[in-house]
Each structure stands twice: as structure tokens, then as C-alpha cells.
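Novice: Would you mind keeping the following structure in view while I ask a few things?
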Amino acid sequence: MGMYDEIYCHAELPDGRDPRGMCFQTKSFPDPCMCRYRITSAARLIDSANNDLEPDGYITFYTVDREDGDREVPERIPGLREYRARFSSGQLQNILRVNEDGADRVRYGLASFRWFEPRSFMFGDPDEASGADKPDIGFGK
């Protein structure tokens, strides 16, 4: 299992699902430590302190929709939805739905991004410092 970071997405998803308020997990950042990030409706990636990370490369994020009747299938996770966002010079270029059975199961990653002191929701860092009370910043709200 291991550590991960959280991503909230305010950009449109390719399958038409509304991502607002939904928490996705990612391990795309080095040393995941339960930090929160957001893909804004303006197609930028920001951290919980509202810093624009200006990434170049790919961020993979996922969630699991569990429903009654989901049964375990070897080597598959029922209800898994995985997406890959491509950024260039800090601007979101597109988001693709990753096909678990397809040829797109290639490793993608970040080429670069700006790094700031991370704030972790797990270790009691206050939301006031992250600016979560500002408009359009409230993660998960």
C-alpha cells in the first residue's frame, strides 16, 4: 500500500464524471507524504498553500468506486478509475482515462515541478496556513 498524496480535480474528466468534491490518490510525486494538490478549473496544478507548481510531465491519479456486488478478480481492482494528466510548462494539456487492459500501461512521470514546503493533512498542519478557506481553494468541499 504505502504513502500517497491526494489530488482534487476541478478540470473536466474525459469520461464525463463530475470530479468536484472527489478525492483521488496519486503516487506521482517523489516521496508521497499525504499532501494535497488540486488541478484547478484554470488548468493549473497547485498545492494546499495555493502555490502554482508549474509541472512538466504526467500525473497519474485514481479512485475506486465500490458498489454492491463488486467481486474480486485476480490482479484487478473492481471499480478502479485511473486518469493521467499531461502538463506542459505548468498548463494542463489533457486528461486521459487509463485503460487497465490496454497498451497504455506504460510508466509515465513528472519531468519537473516547483517544490515548496509540503503541508500534510495527516500530521495536523492547519488549514488556515494552506489558504483552504479562500474561494475555490477548499479541498474536498
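Residues in the C-alpha cells are named by chain (A, B, ... in the order shown) and by number from 1 within that chain; ligands are numbered from 1 in the order shown.
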Taking 6 positions as the minimum chain separation for residues in the same chain, which residues sit within 8 Å of A:Thr40 when counting only C-alpha atoms? Answer as a list in words.
Specialist: Cys9, His10, Ala11 and Ile46 of chain A
Novice: Hey, can you spit out that residue selection with C-alpha atoms as a PDB file, in the first residue's frame?
Specialist:
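Result file follows (result.pdb):
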```pdb
ATOM      1  CA  CYS A   9      -9.649  17.822  -9.726  1.00  0.00           C
ATOM      2  CA  HIS A  10     -11.697  20.812 -10.870  1.00  0.00           C
ATOM      3  CA  ALA A  11     -10.947  20.173 -14.550  1.00  0.00           C
ATOM      4  CA  ILE A  46      -1.484  23.975  -7.096  1.00  0.00           C
TER       5      ILE A  46
END
```
Novice: Fewer than 6 positions away in the same chain doesn't count, so skip those; otherwise give me all residues within 12 Å of A:Gly16, counting only C-alpha atoms, as a PyMOL selection string.
Specialist: chain A and resi 95-97
Novice: May I have the residues within 9 Å of A:Tyr83 as a ChimeraX atom specification, using only C-alpha atoms and disregarding those fewer than 3 positions away in the same chain?
Specialist: /A:13-14,59-62,95-99
Novice: Those same residues, written as a JSON list (two decimals), in the first residue's frame with all heavy atoms?
Specialist:
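What follows is the written file again13.json:
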```json
[["chain", "number", "residue", "atom", "x", "y", "z"],
["A", 13, "LEU", "N", -13.19, 15.72, -16.64],
["A", 13, "LEU", "CA", -12.64, 14.39, -16.84],
["A", 13, "LEU", "C", -13.13, 13.84, -18.19],
["A", 13, "LEU", "O", -14.24, 14.17, -18.62],
["A", 13, "LEU", "CB", -13.06, 13.45, -15.71],
["A", 13, "LEU", "CG", -12.49, 13.78, -14.34],
["A", 13, "LEU", "CD1", -13.05, 12.82, -13.30],
["A", 13, "LEU", "CD2", -10.98, 13.73, -14.35],
["A", 14, "PRO", "N", -12.34, 13.00, -18.84],
["A", 14, "PRO", "CA", -12.69, 12.53, -20.19],
["A", 14, "PRO", "C", -13.92, 11.63, -20.24],
["A", 14, "PRO", "O", -14.54, 11.50, -21.27],
["A", 14, "PRO", "CB", -11.45, 11.77, -20.63],
["A", 14, "PRO", "CG", -10.77, 11.38, -19.38],
["A", 14, "PRO", "CD", -11.06, 12.47, -18.39],
["A", 59, "ILE", "N", 0.93, 13.23, -14.46],
["A", 59, "ILE", "CA", 0.50, 12.89, -13.11],
["A", 59, "ILE", "C", -0.63, 11.88, -13.25],
["A", 59, "ILE", "O", -1.62, 12.13, -13.93],
["A", 59, "ILE", "CB", 0.01, 14.12, -12.33],
["A", 59, "ILE", "CG1", 1.18, 15.10, -12.13],
["A", 59, "ILE", "CG2", -0.61, 13.71, -10.99],
["A", 59, "ILE", "CD1", 0.79, 16.40, -11.50],
["A", 60, "THR", "N", -0.45, 10.73, -12.65],
["A", 60, "THR", "CA", -1.48, 9.71, -12.65],
["A", 60, "THR", "C", -2.23, 9.78, -11.33],
["A", 60, "THR", "O", -1.62, 9.90, -10.27],
["A", 60, "THR", "CB", -0.83, 8.31, -12.81],
["A", 60, "THR", "OG1", -0.08, 8.31, -14.03],
["A", 60, "THR", "CG2", -1.87, 7.22, -12.84],
["A", 61, "PHE", "N", -3.55, 9.73, -11.40],
["A", 61, "PHE", "CA", -4.36, 9.74, -10.19],
["A", 61, "PHE", "C", -5.53, 8.79, -10.35],
["A", 61, "PHE", "O", -5.94, 8.47, -11.47],
["A", 61, "PHE", "CB", -4.81, 11.16, -9.82],
["A", 61, "PHE", "CG", -5.55, 11.91, -10.90],
["A", 61, "PHE", "CD1", -6.93, 12.01, -10.88],
["A", 61, "PHE", "CD2", -4.86, 12.55, -11.92],
["A", 61, "PHE", "CE1", -7.61, 12.71, -11.85],
["A", 61, "PHE", "CE2", -5.53, 13.27, -12.89],
["A", 61, "PHE", "CZ", -6.92, 13.34, -12.87],
["A", 62, "TYR", "N", -6.04, 8.30, -9.23],
["A", 62, "TYR", "CA", -7.02, 7.22, -9.29],
["A", 62, "TYR", "C", -7.94, 7.24, -8.08],
["A", 62, "TYR", "O", -7.63, 7.84, -7.05],
["A", 62, "TYR", "CB", -6.32, 5.86, -9.40],
["A", 62, "TYR", "CG", -5.12, 5.75, -8.47],
["A", 62, "TYR", "CD1", -5.26, 5.33, -7.17],
["A", 62, "TYR", "CD2", -3.85, 6.10, -8.92],
["A", 62, "TYR", "CE1", -4.17, 5.26, -6.32],
["A", 62, "TYR", "CE2", -2.75, 6.04, -8.08],
["A", 62, "TYR", "CZ", -2.92, 5.61, -6.79],
["A", 62, "TYR", "OH", -1.83, 5.56, -5.95],
["A", 95, "ILE", "N", -6.39, 15.28, -20.02],
["A", 95, "ILE", "CA", -6.54, 14.19, -19.05],
["A", 95, "ILE", "C", -7.09, 13.01, -19.83],
["A", 95, "ILE", "O", -8.07, 13.14, -20.56],
["A", 95, "ILE", "CB", -7.48, 14.56, -17.89],
["A", 95, "ILE", "CG1", -6.95, 15.76, -17.11],
["A", 95, "ILE", "CG2", -7.69, 13.36, -16.97],
["A", 95, "ILE", "CD1", -7.86, 16.24, -16.00],
["A", 96, "LEU", "N", -6.46, 11.86, -19.67],
["A", 96, "LEU", "CA", -6.89, 10.64, -20.33],
["A", 96, "LEU", "C", -7.33, 9.62, -19.29],
["A", 96, "LEU", "O", -6.75, 9.56, -18.20],
["A", 96, "LEU", "CB", -5.75, 10.02, -21.15],
["A", 96, "LEU", "CG", -5.14, 10.87, -22.25],
["A", 96, "LEU", "CD1", -3.93, 10.17, -22.84],
["A", 96, "LEU", "CD2", -6.16, 11.16, -23.32],
["A", 97, "ARG", "N", -8.31, 8.82, -19.62],
["A", 97, "ARG", "CA", -8.68, 7.69, -18.78],
["A", 97, "ARG", "C", -7.74, 6.55, -19.14],
["A", 97, "ARG", "O", -7.60, 6.21, -20.33],
["A", 97, "ARG", "CB", -10.14, 7.31, -19.04],
["A", 97, "ARG", "CG", -10.61, 6.06, -18.32],
["A", 97, "ARG", "CD", -11.16, 6.39, -16.94],
["A", 97, "ARG", "NE", -11.47, 5.20, -16.20],
["A", 97, "ARG", "CZ", -12.71, 4.74, -16.03],
["A", 97, "ARG", "NH1", -13.73, 5.38, -16.53],
["A", 97, "ARG", "NH2", -12.91, 3.64, -15.33],
["A", 98, "VAL", "N", -7.07, 5.98, -18.16],
["A", 98, "VAL", "CA", -6.12, 4.90, -18.40],
["A", 98, "VAL", "C", -6.91, 3.60, -18.50],
["A", 98, "VAL", "O", -7.70, 3.26, -17.63],
["A", 98, "VAL", "CB", -5.08, 4.81, -17.27],
["A", 98, "VAL", "CG1", -4.17, 3.62, -17.45],
["A", 98, "VAL", "CG2", -4.29, 6.10, -17.19],
["A", 99, "ASN", "N", -6.67, 2.87, -19.57],
["A", 99, "ASN", "CA", -7.32, 1.59, -19.81],
["A", 99, "ASN", "C", -6.47, 0.51, -19.15],
["A", 99, "ASN", "O", -5.35, 0.24, -19.58],
["A", 99, "ASN", "CB", -7.47, 1.34, -21.31],
["A", 99, "ASN", "CG", -8.16, 0.04, -21.60],
["A", 99, "ASN", "OD1", -8.42, -0.77, -20.72],
["A", 99, "ASN", "ND2", -8.46, -0.17, -22.87]]
```
Novice: Select, from A:Phe113, A:Phe87, A:Tyr108, A:Tyr4, the residue with the minimum atom-to-atom distance to A:Cys35, counting only C-alpha atoms.
Specialist: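 Among the listed residues, A:Tyr4 lies closest to A:Cys35.
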Novice: Near A:Phe29, counting only C-alpha atoms, which residues have an atom at most 12 Å away, once you skip same-chain residues fewer than 5 positions from it, shown as a list in words?
Specialist: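 Near neighbours after the sequence-gap exclusion: Met3, Tyr4, Asp5, Glu6, Ile7, Met34, Cys35, Arg36, Tyr37, Asp47, Leu53, Pro55, Gly57, Tyr58, Ile59, Thr60, Phe61, Tyr108, Gly109, Leu110, Ala111, Ser112, Phe113, Arg114, Trp115 and Pro118 of chain A.
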Novice: Could you dump the residues just selected with C-alpha atoms as a CSV table (one decimal), in the first residue's frame?
Specialist:
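Below you can see part-v1.csv, which holds the result:
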```
chain,number,residue,atom,x,y,z
A,3,MET,CA,2.0,6.5,1.4
A,4,TYR,CA,0.3,8.7,-1.2
A,5,ASP,CA,-0.8,12.2,-1.9
A,6,GLU,CA,-4.3,13.5,-2.6
A,7,ILE,CA,-5.5,15.3,-5.7
A,34,MET,CA,-0.2,12.8,2.4
A,35,CYS,CA,0.0,16.2,0.8
A,36,ARG,CA,-3.0,17.8,-1.0
A,37,TYR,CA,-2.9,19.1,-4.5
A,47,ASP,CA,-0.6,22.7,-3.6
A,53,LEU,CA,3.7,24.0,-9.1
A,55,PRO,CA,4.7,20.9,-13.7
A,57,GLY,CA,5.1,15.8,-17.5
A,58,TYR,CA,2.4,13.4,-16.3
A,59,ILE,CA,0.5,12.9,-13.1
A,60,THR,CA,-1.5,9.7,-12.6
A,61,PHE,CA,-4.4,9.7,-10.2
A,108,TYR,CA,4.8,8.0,-17.1
A,109,GLY,CA,6.1,10.6,-14.7
A,110,LEU,CA,7.0,14.2,-14.0
A,111,ALA,CA,10.0,15.8,-15.7
A,112,SER,CA,9.9,18.8,-13.4
A,113,PHE,CA,7.8,20.8,-10.9
A,114,ARG,CA,8.3,23.6,-8.4
A,115,TRP,CA,8.7,22.3,-4.8
A,118,PRO,CA,4.7,20.4,1.9
```
Novice: Taking into account only C-alpha atoms, which residue in the set A:Phe116, A:Pro19, A:Pro30, A:Glu12 is nearest to A:Asn51?
Specialist: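 Smallest distance to A:Asn51 is found for A:Phe116.
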